[in-house]
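Down below is the structure, laid out as structure tokens.
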Amino acid sequence: MDIKMLDYVVMIAKCESISKAAEKLYLTQSGLNQQLLKLERNLGIKLFERDHHHFRITDAGKIYVRNAMEILRIQRNTLMQLSDLKNNIHAEISIGLTHEHGIDLFTAVYPIFRHHYPYLRCKLAEHIVRDQYQLIEEGELDIGIVLTNINTAKCFLDLVFHEVYQEDLLLGIPMTHPMAKNAVPIGTAQPLRVTDIHLFKDEPFSLIFEDSTMRKEVIDPMFEENQLHPIIMLETAINTALTQIVGKGLSCTILPHSRVLSSPYRDDCAWFRLLDNPVWSVSIVHRKDYKLSKSIYDLIRLMDQYGQKLEKIFLTESPGYLK
């Protein structure tokens with residue numbers, strides 16, 4: 001079975017189009033189409049139904065693509081394990097990243113990792129957490145950097161979660177708010193003041209987008225438990241934008257501790273710990289049947305060390321937040 005053809009068919013299925021797949025594979029449309037037709041003749045069954053307007057995968061195609069993805073995953077995992085023994089083998093790790101959290105964690109440790117594994121390629125792709133789970137189960141990602149609440153791992157029997165660090169979520173309010181005078185400056189290694197979310201029930205909020213893990217698993221449940229219905233003025237996928245909005249006096253927000261510390265606009269806002277103490281985890285996730293290579297173990301070890309440093313910083317400002 002031609003490995004290249006496995007890649008081609010998987011890409012066609014993803015794009016649902018010969019022309020789009022050919023563009024991504026840097027092939028001509030006619031050349032890719034001819035290879036697909038040749039494969040279907042050899043198999044004696046159609047993998048795709050097509051006309052001038054539609055390109056639909058058949059039941060046979062679904063079987064082929066599902067197993068092709070598994071074969072490609074095994075091939076990639078095999079090369080990674082061989083690279084542990086001989087560093088001149090050019091293996092590749094496919095890593096899923098959440099926006100901001102994931103790339104910050106990866107880039108913090110990559111220089112050291114690269115020094116130890118100069119021949120190892122890292123293929124990075126940003127995906128929301130829900131999509132990462134699916135891509136990991138399908139074998140398209142080797143590992144993912146995901147954000148979870150404490151109980152998420154119990155819901156995924158086929159996945160393994162390795163917690164890198166925990167952090168609490170902070171309430172940010174405008175400096176013009178009457179409560180701002182009670183705040184302690186962020187980043188000064190002083191314990192932040194604690195406040196009750198009920199005091200802000202009539203304030204407008206700008207929050208991370210509704211379908212995000214932070215909203216669905218941490219923020220929205222906290223509001224529901226307190227029987228609050230916040231006025232949501234704005235939603236975005238960009239944490240830094242939320243600090244900017246708050247800094248301009250337009251609304252309040254709730255953000256992870258690390259995103260507050262990394263924001264260049266953090267000092268334009270007043271920050272508080274919350275009485276509810278909302279907490280979540282940044283974790284590495286992979287398939288339970290996936291054999292981790294030494295290189296991935298070392299990458300996780302470096303991330304653990306970085307996470308421990310972050311938790312020490314969080315604890316100076318939020319003592320006792322860890323559950």
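Chain labels follow the order of the structure tokens: the first chain is A, the next B, and so on; residue numbering restarts at 1 in every chain, and ligands are counted from 1 in their shown order.
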
According to DSSP computed on the backbone, where in range 182-214 of chain A is there helix (DSSP H, G or I)? Give the residues as a PyMOL selection string. chain A and resi 182+197-200+213-214

So that I can check the surroundings of Asp202 in chain A, please list as a list in words every protein, DNA and RNA residue that reaches within 9 Å of it, counting only C-alpha atoms and ignoring chain neighbours fewer than 5 positions away.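 Contacts, in chain order: His229, Pro230 and Ile231 of chain A.
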
The selected residues should be written to file as a short mmCIF file (atom, residue, chain, number, x, y, z; two decimals), in the first residue's frame (atoms: all heavy atoms).
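Saved result, selection36.cif, follows:
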```
data_model
loop_
_atom_site.label_atom_id
_atom_site.label_comp_id
_atom_site.auth_asym_id
_atom_site.auth_seq_id
_atom_site.Cartn_x
_atom_site.Cartn_y
_atom_site.Cartn_z
N HIS A 229 -26.99 35.84 35.83
CA HIS A 229 -27.15 35.92 34.37
C HIS A 229 -26.41 37.17 33.90
O HIS A 229 -27.00 38.24 33.78
CB HIS A 229 -28.63 35.97 33.99
CG HIS A 229 -29.42 34.82 34.54
ND1 HIS A 229 -29.40 33.57 33.96
CD2 HIS A 229 -30.23 34.72 35.63
CE1 HIS A 229 -30.17 32.75 34.66
NE2 HIS A 229 -30.69 33.42 35.67
N PRO A 230 -25.11 37.03 33.65
CA PRO A 230 -24.30 38.22 33.34
C PRO A 230 -24.70 38.90 32.04
O PRO A 230 -25.19 38.25 31.10
CB PRO A 230 -22.88 37.65 33.25
CG PRO A 230 -23.08 36.22 32.87
CD PRO A 230 -24.34 35.79 33.57
N ILE A 231 -24.50 40.19 31.99
CA ILE A 231 -24.69 40.96 30.76
C ILE A 231 -23.41 40.81 29.94
O ILE A 231 -22.36 41.36 30.30
CB ILE A 231 -24.93 42.45 31.09
CG1 ILE A 231 -26.12 42.61 32.04
CG2 ILE A 231 -25.12 43.25 29.81
CD1 ILE A 231 -26.19 43.98 32.70
#
```

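Among A:Val285, A:Ala68, A:Ile95, A:Ile186, the residue with the shortest atom-to-atom distance to Arg259 in chain A, counting only C-alpha atoms, is A:Ile186.
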
Choose the residue, out of A:Asp168, A:Asp142, A:Glu137, A:Glu16, that has the smallest atom-to-atom separation from Lys123 in chain A; count only C-alpha atoms.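 Of A:Asp168, A:Asp142, A:Glu137, A:Glu16, the one nearest Lys123 in chain A, counting only C-alpha atoms, is A:Asp142.
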
Between CA of Ile254 in chain A and CA of Gln308 in chain A, distance in Å (one decimal):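 The value is 22.9 Å.
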
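Pairwise distance (CA of Ile173 in chain A, CA of Cys269 in chain A) equals 5.8 Å.
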
Quick one: of A:Ser206, A:Gln75, A:Ser281, A:Gln190, who's nearest to Gln166 in chain A, counting only C-alpha atoms?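 The shortest atom-to-atom distance to Gln166 in chain A comes from A:Ser281.
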
Just to confirm, what's the straight-line distance from CA of Asn151 in chain A to CA of Glu163 in chain A in Å (one decimal)? 11.8 Å

For Tyr64 in chain A, which residue out of A:Ile18, A:Val218, A:Leu43, A:Val109 is the nearest one, using only C-alpha atoms? A:Leu43

If you run DSSP on this backbone, which residues of range 95-277 of chain A come out as strand (DSSP E), and could you give them as a ChimeraX atom specification? /A:95-97,121-126,143-148,159-174,194-195,204-208,231-236,253-256,269-274

Of the residues A:Pro178, A:Pro221, A:Pro191, A:Pro264, which is the one nearest to Asn149 in chain A, using only C-alpha atoms?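 Checking each candidate against Asn149 in chain A, we get A:Pro221 as the closest.
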
At most 12 Å is the cut-off: for each residue in range 156-225 of chain A with any atom that close to an atom of range 316-320 of chain A, write down the nearest atom pair and the distance in Å rounded to one decimal, counting only C-alpha atoms, chain first then increasing number, as CSV.
```
residue,atom,partner,partner_atom,distance
A:Gln166,CA,A:Ser318,CA,11.8
A:Glu167,CA,A:Ser318,CA,9.2
A:Asp168,CA,A:Ser318,CA,7.8
A:Leu169,CA,A:Ser318,CA,9.9
A:Leu170,CA,A:Ser318,CA,9.4
A:Ala183,CA,A:Glu317,CA,11.8
A:Val184,CA,A:Glu317,CA,9.4
A:Pro185,CA,A:Glu317,CA,9.8
A:Ile186,CA,A:Glu317,CA,7.8
A:Gly187,CA,A:Glu317,CA,7.8
A:Thr188,CA,A:Glu317,CA,8.1
A:Ala189,CA,A:Thr316,CA,5.3
A:Gln190,CA,A:Glu317,CA,5.3
A:Pro191,CA,A:Glu317,CA,4.0
A:Leu192,CA,A:Glu317,CA,5.3
A:Arg193,CA,A:Ser318,CA,8.7
A:Val194,CA,A:Ser318,CA,9.1
```

Out of A:Gly139, A:Gly144, A:Pro204, A:Gly247, which residue has the shortest atom-to-atom distance to Thr176 in chain A when counting only C-alpha atoms?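 The answer is A:Gly247, which sits nearest to Thr176 in chain A.
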